[in-house]
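Below is input.pdb, which holds PDB, C-alpha atoms and all ligand atoms.
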ATOM      1  CA  TYR A   1     103.299 129.348  57.868
ATOM      2  CA  GLN A   2     100.914 130.459  60.562
ATOM      3  CA  ALA A   3     101.061 128.383  63.701
ATOM      4  CA  LYS A   4      97.362 127.649  64.020
ATOM      5  CA  ASN A   5      97.290 125.871  67.285
ATOM      6  CA  GLY A   6      98.759 128.303  69.697
ATOM      7  CA  GLY A   7     102.030 128.763  71.493
ATOM      8  CA  ALA A   8     102.823 125.196  72.430
ATOM      9  CA  ASN A   9     103.492 124.100  68.886
ATOM     10  CA  VAL A  10     105.402 127.097  67.625
ATOM     11  CA  ALA A  11     108.721 126.185  69.195
ATOM     12  CA  ALA A  12     108.462 122.616  68.047
ATOM     13  CA  TYR A  13     107.727 123.810  64.541
ATOM     14  CA  ASP A  14     110.686 126.180  64.430
ATOM     15  CA  SER A  15     113.178 123.526  65.455
ATOM     16  CA  ALA A  16     111.636 121.161  62.951
ATOM     17  CA  ARG A  17     112.083 123.770  60.245
ATOM     18  CA  ASP A  18     115.784 124.036  60.983
ATOM     19  CA  ALA A  19     116.278 120.335  60.636
ATOM     20  CA  ALA A  20     113.830 119.554  57.879
ATOM     21  CA  SER A  21     114.769 119.178  54.262
ATOM     22  CA  THR A  22     112.940 121.217  51.633
ATOM     23  CA  ASP A  23     111.348 117.939  50.680
ATOM     24  CA  GLN A  24     109.735 117.613  54.070
ATOM     25  CA  LEU A  25     108.563 121.210  53.989
ATOM     26  CA  ALA A  26     106.913 120.586  50.630
ATOM     27  CA  LEU A  27     105.338 117.457  52.058
ATOM     28  CA  LEU A  28     103.986 119.389  55.035
ATOM     29  CA  ALA A  29     102.521 122.082  52.780
ATOM     30  CA  GLU A  30     100.804 119.347  50.808
ATOM     31  CA  LEU A  31      99.616 117.712  54.007
ATOM     32  CA  ARG A  32      97.972 120.954  55.037
ATOM     33  CA  GLU A  33      95.954 120.782  51.823
ATOM     34  CA  ALA A  34      95.274 117.090  52.256
ATOM     35  CA  LEU A  35      93.843 117.700  55.721
ATOM     36  CA  GLN A  36      91.360 120.068  54.130
ATOM     37  CA  ALA A  37      90.665 118.002  51.012
ATOM     38  CA  ASP A  38      89.110 115.219  53.088
ATOM     39  CA  ASP A  39      89.583 112.443  50.496
ATOM     40  CA  GLN A  40      93.390 112.166  50.362
ATOM     41  CA  LEU A  41      94.062 110.872  53.856
ATOM     42  CA  VAL A  42      92.211 107.620  54.318
ATOM     43  CA  LEU A  43      92.140 104.907  56.933
ATOM     44  CA  VAL A  44      92.617 101.260  56.127
ATOM     45  CA  LEU A  45      91.464  98.786  58.721
ATOM     46  CA  GLN A  46      92.971  95.558  60.007
ATOM     47  CA  PRO A  47      91.113  93.211  62.356
ATOM     48  CA  ALA A  48      92.824  91.379  65.209
ATOM     49  CA  VAL A  49      91.357  87.960  65.916
ATOM     50  CA  ASP A  50      90.859  85.682  68.891
ATOM     51  CA  LEU A  51      93.211  82.731  68.258
ATOM     52  CA  ALA A  52      90.733  80.247  69.748
ATOM     53  CA  THR A  53      87.515  81.335  68.060
ATOM     54  CA  GLY A  54      88.576  83.445  65.080
ATOM     55  CA  ALA A  55      86.276  86.192  66.298
ATOM     56  CA  PRO A  56      87.484  89.760  65.815
ATOM     57  CA  THR A  57      88.784  91.258  69.067
ATOM     58  CA  GLY A  58      89.240  94.699  67.565
ATOM     59  CA  VAL A  59      90.116  96.590  64.409
ATOM     60  CA  GLU A  60      93.134  98.848  63.997
ATOM     61  CA  ALA A  61      92.913 101.994  61.884
ATOM     62  CA  LEU A  62      96.048 102.684  59.811
ATOM     63  CA  ILE A  63      96.567 105.884  57.872
ATOM     64  CA  ARG A  64      97.293 106.068  54.121
ATOM     65  CA  TRP A  65      97.828 109.141  51.967
ATOM     66  CA  ARG A  66      96.470 109.004  48.443
ATOM     67  CA  HIS A  67      98.842 111.680  47.258
ATOM     68  CA  PRO A  68      97.717 113.355  44.010
ATOM     69  CA  ARG A  69     101.208 113.100  42.473
ATOM     70  CA  ARG A  70     103.295 110.753  44.603
ATOM     71  CA  GLY A  71     100.756 107.939  44.690
ATOM     72  CA  LEU A  72      99.802 105.931  47.746
ATOM     73  CA  LEU A  73     102.015 106.781  50.738
ATOM     74  CA  GLY A  74     102.278 104.719  53.929
ATOM     75  CA  PRO A  75     102.788 106.266  57.355
ATOM     76  CA  ALA A  76     106.545 105.570  57.229
ATOM     77  CA  GLU A  77     106.764 108.156  54.465
ATOM     78  CA  PHE A  78     105.089 111.038  56.265
ATOM     79  CA  ILE A  79     104.335 110.431  59.969
ATOM     80  CA  ARG A  80     107.729 111.570  61.272
ATOM     81  CA  PRO A  81     107.588 115.015  59.607
ATOM     82  CA  VAL A  82     103.981 115.421  60.752
ATOM     83  CA  GLU A  83     104.989 114.607  64.320
ATOM     84  CA  ASN A  84     107.647 117.296  64.216
ATOM     85  CA  SER A  85     105.363 119.919  62.728
ATOM     86  CA  ASP A  86     102.617 122.233  63.942
ATOM     87  CA  GLN A  87     100.095 120.061  62.107
ATOM     88  CA  LEU A  88     100.235 117.126  64.484
ATOM     89  CA  SER A  89      97.163 118.095  66.502
ATOM     90  CA  THR A  90      95.109 118.730  63.354
ATOM     91  CA  PHE A  91      96.275 115.394  61.962
ATOM     92  CA  THR A  92      95.474 113.551  65.207
ATOM     93  CA  ARG A  93      91.975 115.065  65.316
ATOM     94  CA  TYR A  94      91.446 114.141  61.674
ATOM     95  CA  VAL A  95      92.392 110.491  62.240
ATOM     96  CA  LEU A  96      90.258 110.198  65.386
ATOM     97  CA  ASP A  97      87.286 111.736  63.615
ATOM     98  CA  LYS A  98      87.557 109.342  60.645
ATOM     99  CA  ALA A  99      88.033 106.331  62.917
ATOM    100  CA  LEU A 100      85.068 107.195  65.103
ATOM    101  CA  ALA A 101      82.905 107.735  62.018
ATOM    102  CA  VAL A 102      83.787 104.187  60.950
ATOM    103  CA  ALA A 103      83.017 102.827  64.436
ATOM    104  CA  ALA A 104      79.683 104.662  64.474
ATOM    105  CA  GLY A 105      78.829 102.976  61.161
ATOM    106  CA  TRP A 106      79.503  99.539  62.645
ATOM    107  CA  ALA A 107      77.312 100.309  65.625
ATOM    108  CA  ARG A 108      74.472 101.148  63.194
ATOM    109  CA  GLU A 109      75.000  97.721  61.565
ATOM    110  CA  GLY A 110      74.851  96.016  64.960
ATOM    111  CA  LEU A 111      78.585  95.224  65.027
ATOM    112  CA  ASP A 112      80.165  95.784  68.394
ATOM    113  CA  VAL A 113      83.917  95.850  67.810
ATOM    114  CA  PRO A 114      86.350  98.307  69.377
ATOM    115  CA  ILE A 115      88.453 100.451  67.055
ATOM    116  CA  SER A 116      92.143 101.056  67.755
ATOM    117  CA  VAL A 117      93.778 104.328  66.758
ATOM    118  CA  ASN A 118      97.534 104.976  66.790
ATOM    119  CA  LEU A 119      98.599 108.094  68.631
ATOM    120  CA  SER A 120     101.964 109.751  68.215
ATOM    121  CA  ALA A 121     103.705 110.016  71.562
ATOM    122  CA  ARG A 122     104.030 113.751  71.044
ATOM    123  CA  SER A 123     100.272 114.260  70.848
ATOM    124  CA  LEU A 124     100.116 113.040  74.455
ATOM    125  CA  LEU A 125     101.855 116.288  75.432
ATOM    126  CA  ASP A 126      98.769 118.200  74.334
ATOM    127  CA  ARG A 127      96.532 118.814  77.332
ATOM    128  CA  ARG A 128      93.597 119.563  75.039
ATOM    129  CA  LEU A 129      93.593 115.999  73.735
ATOM    130  CA  PRO A 130      91.254 114.364  76.310
ATOM    131  CA  GLY A 131      88.628 117.097  75.847
ATOM    132  CA  GLU A 132      88.852 116.818  72.078
ATOM    133  CA  ILE A 133      88.454 113.055  72.226
ATOM    134  CA  ALA A 134      85.475 113.405  74.569
ATOM    135  CA  ASP A 135      83.855 115.799  72.060
ATOM    136  CA  ALA A 136      84.526 113.472  69.144
ATOM    137  CA  LEU A 137      83.060 110.488  71.018
ATOM    138  CA  ARG A 138      79.926 112.514  71.788
ATOM    139  CA  ARG A 139      79.612 113.795  68.239
ATOM    140  CA  HIS A 140      79.799 110.283  66.803
ATOM    141  CA  GLN A 141      77.879 108.741  69.697
ATOM    142  CA  VAL A 142      80.534 106.095  70.220
ATOM    143  CA  PRO A 143      80.899 104.792  73.810
ATOM    144  CA  ALA A 144      84.360 105.627  75.187
ATOM    145  CA  ASP A 145      85.254 101.987  75.807
ATOM    146  CA  ARG A 146      84.876 101.211  72.077
ATOM    147  CA  LEU A 147      87.968 103.359  71.438
ATOM    148  CA  VAL A 148      91.438 101.933  72.048
ATOM    149  CA  LEU A 149      94.360 104.336  71.855
ATOM    150  CA  GLU A 150      97.622 102.668  70.831
ATOM    151  CA  ILE A 151     100.619 104.387  72.311
ATOM    152  CA  THR A 152     104.320 103.623  72.148
ATOM    153  CA  GLU A 153     106.539 103.995  75.149
ATOM    154  CA  THR A 154     109.219 106.010  73.428
ATOM    155  CA  VAL A 155     108.550 108.790  75.842
ATOM    156  CA  VAL A 156     111.171 111.094  77.258
ATOM    157  CA  MET A 157     111.334 110.926  81.031
ATOM    158  CA  SER A 158     111.082 114.698  81.527
ATOM    159  CA  GLU A 159     107.752 114.683  79.728
ATOM    160  CA  LEU A 160     106.247 111.871  81.738
ATOM    161  CA  GLU A 161     104.294 114.129  84.067
ATOM    162  CA  VAL A 162     102.171 115.758  81.354
ATOM    163  CA  ILE A 163     101.705 112.437  79.614
ATOM    164  CA  ASP A 164     100.606 110.855  82.894
ATOM    165  CA  GLN A 165      97.966 113.548  83.299
ATOM    166  CA  VAL A 166      96.692 113.240  79.730
ATOM    167  CA  LEU A 167      96.543 109.447  79.885
ATOM    168  CA  THR A 168      94.900 109.494  83.312
ATOM    169  CA  ALA A 169      92.233 111.883  81.988
ATOM    170  CA  LEU A 170      91.625 109.593  79.011
ATOM    171  CA  ARG A 171      91.368 106.544  81.252
ATOM    172  CA  SER A 172      88.908 108.224  83.558
ATOM    173  CA  MET A 173      86.715 108.913  80.496
ATOM    174  CA  GLY A 174      86.657 105.163  79.882
ATOM    175  CA  VAL A 175      88.882 105.125  76.796
ATOM    176  CA  GLN A 176      91.086 102.009  76.548
ATOM    177  CA  LEU A 177      94.867 102.147  76.251
ATOM    178  CA  ALA A 178      97.165  99.734  74.462
ATOM    179  CA  VAL A 179     100.965  99.729  74.477
ATOM    180  CA  ASP A 180     102.015  99.348  70.840
ATOM    181  CA  ASP A 181     105.249  97.652  69.747
ATOM    182  CA  PHE A 182     105.643  96.400  73.311
ATOM    183  CA  GLY A 183     109.196  95.501  74.229
ATOM    184  CA  THR A 184     110.902  97.776  71.714
ATOM    185  CA  GLY A 185     110.914 100.951  73.808
ATOM    186  CA  PHE A 186     113.413 101.828  76.473
ATOM    187  CA  SER A 187     110.954 102.089  79.339
ATOM    188  CA  SER A 188     108.233  99.540  78.571
ATOM    189  CA  LEU A 189     108.208  97.937  81.970
ATOM    190  CA  ALA A 190     108.534 101.105  84.041
ATOM    191  CA  PHE A 191     105.729 102.605  81.955
ATOM    192  CA  LEU A 192     103.363  99.896  83.181
ATOM    193  CA  THR A 193     103.878 100.904  86.804
ATOM    194  CA  ARG A 194     102.827 104.474  86.019
ATOM    195  CA  ILE A 195      99.946 104.094  83.582
ATOM    196  CA  GLU A 196      97.185 101.541  83.790
ATOM    197  CA  VAL A 197      96.713  99.993  80.369
ATOM    198  CA  ASP A 198      94.289  97.441  78.920
ATOM    199  CA  GLU A 199      96.343  95.769  76.221
ATOM    200  CA  LEU A 200      99.899  94.945  75.192
ATOM    201  CA  LYS A 201     100.777  94.529  71.520
ATOM    202  CA  VAL A 202     103.749  92.227  70.993
ATOM    203  CA  ASP A 203     105.937  93.853  68.370
ATOM    204  CA  ARG A 204     106.115  92.259  64.938
ATOM    205  CA  SER A 205     109.908  91.938  65.171
ATOM    206  CA  PHE A 206     109.592  89.390  68.015
ATOM    207  CA  VAL A 207     106.932  87.385  66.151
ATOM    208  CA  LEU A 208     109.200  87.358  63.107
ATOM    209  CA  GLN A 209     112.261  86.130  65.041
ATOM    210  CA  MET A 210     110.416  83.778  67.385
ATOM    211  CA  ALA A 211     111.249  80.598  65.462
ATOM    212  CA  ASP A 212     115.009  81.256  65.247
ATOM    213  CA  SER A 213     115.715  83.271  68.331
ATOM    214  CA  ARG A 214     115.382  81.916  71.880
ATOM    215  CA  GLU A 215     115.534  85.511  73.045
ATOM    216  CA  ALA A 216     112.608  86.607  70.894
ATOM    217  CA  ALA A 217     110.585  83.555  71.958
ATOM    218  CA  ALA A 218     111.341  84.307  75.603
ATOM    219  CA  ILE A 219     110.249  87.924  75.180
ATOM    220  CA  VAL A 220     106.941  86.815  73.672
ATOM    221  CA  ARG A 221     106.417  84.207  76.403
ATOM    222  CA  TYR A 222     107.183  86.643  79.215
ATOM    223  CA  THR A 223     105.048  89.397  77.688
ATOM    224  CA  VAL A 224     102.118  87.001  77.420
ATOM    225  CA  GLY A 225     102.713  85.751  80.963
ATOM    226  CA  MET A 226     102.941  89.259  82.359
ATOM    227  CA  ALA A 227      99.779  90.315  80.520
ATOM    228  CA  ASN A 228      97.938  87.321  81.952
ATOM    229  CA  GLU A 229      99.190  88.038  85.454
ATOM    230  CA  LEU A 230      98.139  91.688  85.189
ATOM    231  CA  GLY A 231      94.805  90.837  83.559
ATOM    232  CA  LEU A 232      95.662  92.635  80.319
ATOM    233  CA  ARG A 233      94.791  91.582  76.784
ATOM    234  CA  VAL A 234      97.757  90.656  74.625
ATOM    235  CA  VAL A 235      97.814  90.851  70.836
ATOM    236  CA  ALA A 236     100.701  89.578  68.715
ATOM    237  CA  GLU A 237     101.217  91.730  65.644
ATOM    238  CA  GLY A 238     102.597  90.887  62.204
ATOM    239  CA  VAL A 239     101.579  87.207  62.144
ATOM    240  CA  GLU A 240     102.189  86.011  58.594
ATOM    241  CA  THR A 241     102.301  82.209  58.796
ATOM    242  CA  ALA A 242     100.393  79.271  60.273
ATOM    243  CA  ALA A 243     103.623  78.265  62.041
ATOM    244  CA  GLN A 244     103.815  81.605  63.823
ATOM    245  CA  ARG A 245     100.172  81.274  64.719
ATOM    246  CA  SER A 246     100.622  77.862  66.373
ATOM    247  CA  ALA A 247     103.822  78.947  68.113
ATOM    248  CA  LEU A 248     101.885  81.871  69.599
ATOM    249  CA  VAL A 249      99.065  79.616  70.764
ATOM    250  CA  GLU A 250     101.660  77.372  72.391
ATOM    251  CA  LEU A 251     103.112  80.349  74.241
ATOM    252  CA  GLY A 252      99.642  81.150  75.606
ATOM    253  CA  CYS A 253      98.904  84.138  73.367
ATOM    254  CA  THR A 254      95.164  84.593  72.826
ATOM    255  CA  ALA A 255      94.882  87.193  70.059
ATOM    256  CA  ALA A 256      96.798  88.137  66.933
ATOM    257  CA  GLN A 257      96.869  90.440  63.962
ATOM    258  CA  GLY A 258      98.690  90.076  60.663
ATOM    259  CA  TYR A 259      98.600  89.179  56.987
ATOM    260  CA  HIS A 260      97.975  85.517  57.907
ATOM    261  CA  PHE A 261      94.508  86.596  59.012
ATOM    262  CA  PHE A 262      93.787  89.883  57.256
ATOM    263  CA  LYS A 263      95.695  92.571  55.453
ATOM    264  CA  PRO A 264      94.605  96.123  56.158
ATOM    265  CA  MET A 265      91.515  96.794  54.014
ATOM    266  CA  PRO A 266      89.446  99.768  52.917
ATOM    267  CA  ALA A 267      86.602 100.919  55.152
ATOM    268  CA  ASP A 268      83.933  99.781  52.680
ATOM    269  CA  LYS A 269      85.178  96.167  52.873
ATOM    270  CA  ILE A 270      85.495  95.777  56.604
ATOM    271  CA  GLY A 271      81.808  95.735  57.514
ATOM    272  CA  ALA A 272      81.163  92.611  55.448
ATOM    273  CA  VAL A 273      84.237  90.859  56.876
ATOM    274  CA  LEU A 274      83.238  91.622  60.460
ATOM    275  CA  GLY A 275      79.688  90.542  59.738
ATOM    276  CA  SER A 276      80.750  87.148  58.378
ATOM    277  CA  LEU A 277      83.255  86.602  61.194
ATOM    278  CA  ALA A 278      80.481  87.327  63.657
ATOM    279  CA  ARG A 279      78.196  84.769  62.048
ATOM    280  CA  GLN A 280      80.954  82.102  62.095
ATOM    281  CA  THR A 281      81.632  82.571  65.771
ATOM    282  CA  PRO A 282      80.154  79.786  67.874
ATOM    283  CA  THR A 283      80.477  81.761  71.082
ATOM    284  CA  ASN A 284      78.545  84.622  69.532
ATOM    285  CA  VAL A 285      81.042  87.175  70.768
ATOM    286  CA  LEU A 286      79.432  89.804  68.585
ATOM    287  CA  PRO A 287      75.780  90.653  69.063
ATOM    288  CA  LEU A 288      73.983  90.341  65.722
ATOM    289  CA  ARG A 289      71.139  92.456  64.481
ATOM    290  CA  ALA A 290      67.746  90.776  64.919
ATOM    291  CA  ASP A 291      67.179  90.702  61.140
ATOM    292  CA  ASP A 292      70.639  89.264  60.335
TER     293      ASP A 292
HETATM  294  P1  LIG A 301     101.828  99.752  64.092
HETATM  295  O1  LIG A 301     100.788 100.469  64.883
HETATM  296  O2  LIG A 301     102.699  98.794  64.837
HETATM  297  O3  LIG A 301     101.016  99.062  62.924
HETATM  298  C1  LIG A 301     101.285  97.802  62.393
HETATM  299  C2  LIG A 301     101.933  97.897  61.039
HETATM  300  O4  LIG A 301     102.254  96.582  60.583
HETATM  301  C3  LIG A 301     101.038  98.491  59.958
HETATM  302  O5  LIG A 301     101.901  99.150  59.042
HETATM  303  C4  LIG A 301     100.445  97.266  59.295
HETATM  304  O6  LIG A 301     100.012  97.477  57.989
HETATM  305  C5  LIG A 301     101.634  96.335  59.346
HETATM  306  N1  LIG A 301     101.278  94.917  59.330
HETATM  307  C6  LIG A 301     100.168  94.320  59.812
HETATM  308  N2  LIG A 301     100.228  93.002  59.662
HETATM  309  C7  LIG A 301     101.413  92.739  59.077
HETATM  310  C8  LIG A 301     102.062  91.520  58.658
HETATM  311  O7  LIG A 301     101.560  90.403  58.812
HETATM  312  N3  LIG A 301     103.287  91.656  58.088
HETATM  313  C9  LIG A 301     103.874  92.878  57.895
HETATM  314  N4  LIG A 301     105.074  92.911  57.291
HETATM  315  N5  LIG A 301     103.294  94.029  58.277
HETATM  316  C10 LIG A 301     102.073  93.961  58.868
HETATM  317  P2  LIG A 301     101.587 100.637  58.567
HETATM  318  O8  LIG A 301     100.130 100.752  58.259
HETATM  319  O9  LIG A 301     102.565 100.958  57.508
HETATM  320  O10 LIG A 301     101.864 101.483  59.865
HETATM  321  C11 LIG A 301     103.165 101.625  60.370
HETATM  322  C12 LIG A 301     103.164 102.415  61.646
HETATM  323  O11 LIG A 301     102.729 103.761  61.399
HETATM  324  C13 LIG A 301     102.178 101.901  62.677
HETATM  325  O12 LIG A 301     102.770 100.816  63.339
HETATM  326  C14 LIG A 301     101.957 103.105  63.530
HETATM  327  O13 LIG A 301     102.987 103.238  64.485
HETATM  328  C15 LIG A 301     102.071 104.245  62.535
HETATM  329  N6  LIG A 301     100.717 104.704  62.158
HETATM  330  C16 LIG A 301      99.835 104.130  61.330
HETATM  331  N7  LIG A 301      98.690 104.849  61.242
HETATM  332  C17 LIG A 301      98.854 105.902  62.075
HETATM  333  C18 LIG A 301      98.025 107.021  62.460
HETATM  334  O14 LIG A 301      96.889 107.170  62.044
HETATM  335  N8  LIG A 301      98.555 107.915  63.341
HETATM  336  C19 LIG A 301      99.817 107.768  63.848
HETATM  337  N9  LIG A 301     100.250 108.673  64.701
HETATM  338  N10 LIG A 301     100.616 106.736  63.522
HETATM  339  C20 LIG A 301     100.148 105.814  62.649
HETATM  340 MG    MG A 302      99.409 100.215  66.147
HETATM  341 MG    MG A 303     101.924  97.873  66.482
HETATM  342 MG    MG A 304     104.657  97.735  65.089
END
Produce structure tokens that represent the structure in this file.
Ligand code: C2E
Ligand code: MG
Ligand code: MG
Ligand code: MG
Amino acid sequence: YQAKNGGANVAAYDSARDAASTDQLALLAELREALQADDQLVLVLQPAVDLATGAPTGVEALIRWRHPRRGLLGPAEFIRPVENSDQLSTFTRYVLDKALAVAAGWAREGLDVPISVNLSARSLLDRRLPGEIADALRRHQVPADRLVLEITETVVMSELEVIDQVLTALRSMGVQLAVDDFGTGFSSLAFLTRIEVDELKVDRSFVLQMADSREAAAIVRYTVGMANELGLRVVAEGVETAAQRSALVELGCTAAQGYHFFKPMPADKIGAVLGSLARQTPTNVLPLRADD
């Protein structure tokens, strides 16, 4: 392997190589090809909806690998090795580019919905990231505030300074930040005092346990309350049932995402779904094209 992306990633790659199984090395070699093939790594898209109006509040991009031999792989099957390899920055750029291409397509159809992209915590250690994102936004002519970066707070304390700088640069560009899987990390609350964010995503595990666990229900209620107090959006993830939906409404949650509303869908399906949601919406949250 040649470390393509300069010194910073070489050390990380070497330690990954020591730990990785041959399986993972094979996977990474195949990923390198997939990143060049352009049709193997695809994004599926899942809208989040406003619980009062049903209008889409955003759409999350989720990666899938149409592996030529292993079939369709979800992120659980390959993200970890990618994160520990020298291919992370190439992968991150690839995902951002695909997502912004999708968002640019919506803009052409008159749909104004932000797109959310998941970032690996480790990619926030890369000081080139803000510049690369600025370039990608320009190239696709997507306004910065139509991009939401979902980050998890599983961040090692010693690395916080670089991450602070990268996130501050992104914020000053106008990009939005969401804390993903909120409540599951070790430093969720402290994180909020350091980085200004726009959105909290209540982890699926709390939504799942809400009905049977007072603790889970309390975590959801306090997260929603804190988001409201801080003026942040809050989105509950993994909502699968009408009962979960009403429980969330009762706790004051305003937006949700999950199979109960939409499963992640291919890019060529999402435009029509967003279009019809927009037409249903009484408050006309989404501006429609004049000829719609
Ligand atoms: P996440 O960001 O918390 O994404 C939500 C996950 O929950 C997605 O799984 C989604 O398909 C799934 N989900 C949504 N609604 C429901 C539901 O009602 N029930 C259930 N059981 N699941 C639901 P997915 O696509 O497998 O992604 C898993 C994780 O992989 C993501 O968690 C995210 O952390 C990571 N990931 C996904 N795409 C990317 C990417 O492009 N880059 C990076 N770095 N990480 C990604
Ligand atoms: Mg996410
Ligand atoms: Mg999430
Ligand atoms: Mg999650």
task: Using all atoms listed in the file, determine which residues fall within 8 Å of ligand MG 302 (chain A), then list them as an MDAnalysis selection string.
output: chainID A and resid 60:62 116:118 150:151 180:181 201
task: Can you work out the spacing between CA of Arg122 in chain A and CA of Asp38 in chain A in Å, to one decimal?
output: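 Interatomic distance here is 23.4 Å.
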Rows by chain and residue number, chain A within 9 Å of ligand MG 304 (chain A), shortest pair, only C-alpha atoms and all ligand atoms, as a Markdown table:
| residue | atom | partner | partner_atom | distance |
| --- | --- | --- | --- | --- |
| A:Asp180 | CA | A:MG304 | MG | 6.5 |
| A:Asp181 | CA | A:MG304 | MG | 4.7 |
| A:Phe182 | CA | A:MG304 | MG | 8.4 |
| A:Lys201 | CA | A:MG304 | MG | 8.2 |
| A:Val202 | CA | A:MG304 | MG | 8.1 |
| A:Asp203 | CA | A:MG304 | MG | 5.2 |
| A:Arg204 | CA | A:MG304 | MG | 5.7 |
| A:Ser205 | CA | A:MG304 | MG | 7.8 |
| A:Glu237 | CA | A:MG304 | MG | 6.9 |
| A:Gly238 | CA | A:MG304 | MG | 7.7 |
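Proximity of A:Thr223, A:Ser276, A:Thr184, A:Thr90 to ligand MG 303 (chain A), computed with all atoms listed in the file, is greatest for A:Thr184.
Straight-line separation from CA of Gln87 in chain A to CA of Leu137 in chain A: 21.5 Å.
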task: List the neighbours of Leu147 in chain A out to 6 Å using all atoms listed in the file; skip same-chain residues closer than 2 positions along the sequence, and give me the result as a list in words.
output: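 Once the nearby chain positions are removed, what remains is Pro114, Ile115, Ala144, Asp145 and Val175 of chain A.
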Closest atom pairs, chain A residues within 6 Å of ligand LIG 301 (chain A), only C-alpha atoms and all ligand atoms, as CSV:
residue,atom,partner,partner_atom,distance
A:Leu62,CA,A:LIG301,N7,3.7
A:Ile63,CA,A:LIG301,N7,4.1
A:Gly74,CA,A:LIG301,O9,5.2
A:Pro75,CA,A:LIG301,O11,4.8
A:Ala76,CA,A:LIG301,O11,5.9
A:Val95,CA,A:LIG301,O14,5.6
A:Asn118,CA,A:LIG301,N8,4.6
A:Leu119,CA,A:LIG301,N9,4.3
A:Ser120,CA,A:LIG301,N9,4.1
A:Asp181,CA,A:LIG301,O2,5.6
A:Gly238,CA,A:LIG301,O7,3.6
A:Val239,CA,A:LIG301,O7,4.6
A:Glu240,CA,A:LIG301,O7,4.4
A:Gly258,CA,A:LIG301,O7,3.4
A:Tyr259,CA,A:LIG301,O7,3.7
A:Pro264,CA,A:LIG301,O6,5.9
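For the set A:Leu167, A:Leu232, A:Ala52, A:Leu72, the residue with the smallest atom-to-atom gap to Val249 in chain A is A:Ala52, counting all atoms listed in the file.
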task: Please provide as number ranges by chain all residues within 12 Å of range 78-81 of chain A, with the sequence filter that same-chain residues fewer than 6 positions apart are discarded (counting all atoms listed in the file).
output: A: 12-13, 15-17, 19-31, 41, 62-67, 70, 72, 87-88, 91-92, 118-122
message: Need to verify the contact set: Val220 in chain A, 8 Å, all atoms listed in the file, exclusion of same-chain residues closer than 3 positions in sequence. Can you return it as a list in words?
response: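 In the requested format, the answer is Val202, Phe206, Val207, Met210, Ala216, Ala217, Thr223, Val224 and Leu251 of chain A.
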- request: For CA of Leu248 in chain A and CA of Arg146 in chain A, quote the distance in Å rounded to one decimal.
  value: 25.9 Å
- request: Kindly indicate which residue among A:Val42, A:Val49, A:Ala256, A:Leu100 lies nearest to ligand MG 303 (chain A), using only C-alpha atoms and all ligand atoms for the distances.
  value: A:Ala256
- prompt: Taking into account all atoms listed in the file, which residue in the set A:Glu199, A:Asp39, A:Glu83, A:Asp164 is nearest to Val235 in chain A?
  reply: A:Glu199
Which centre and which edge lengths, in Å to one decimal, describe the axis-aligned box that holds all listed atoms of range 147-154 of chain A after 6 Å is added on each side, as AutoDock Vina command-line options?
--center_x 98.6 --center_y 104.0 --center_z 73.0 --size_x 33.3 --size_y 16.1 --size_z 16.3
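Proximity to ligand MG 303 (chain A) was assessed for A:Gly271, A:Ala211, A:Asp50, A:Ala178 counting all atoms listed in the file; the smallest distance is recorded for A:Ala178.
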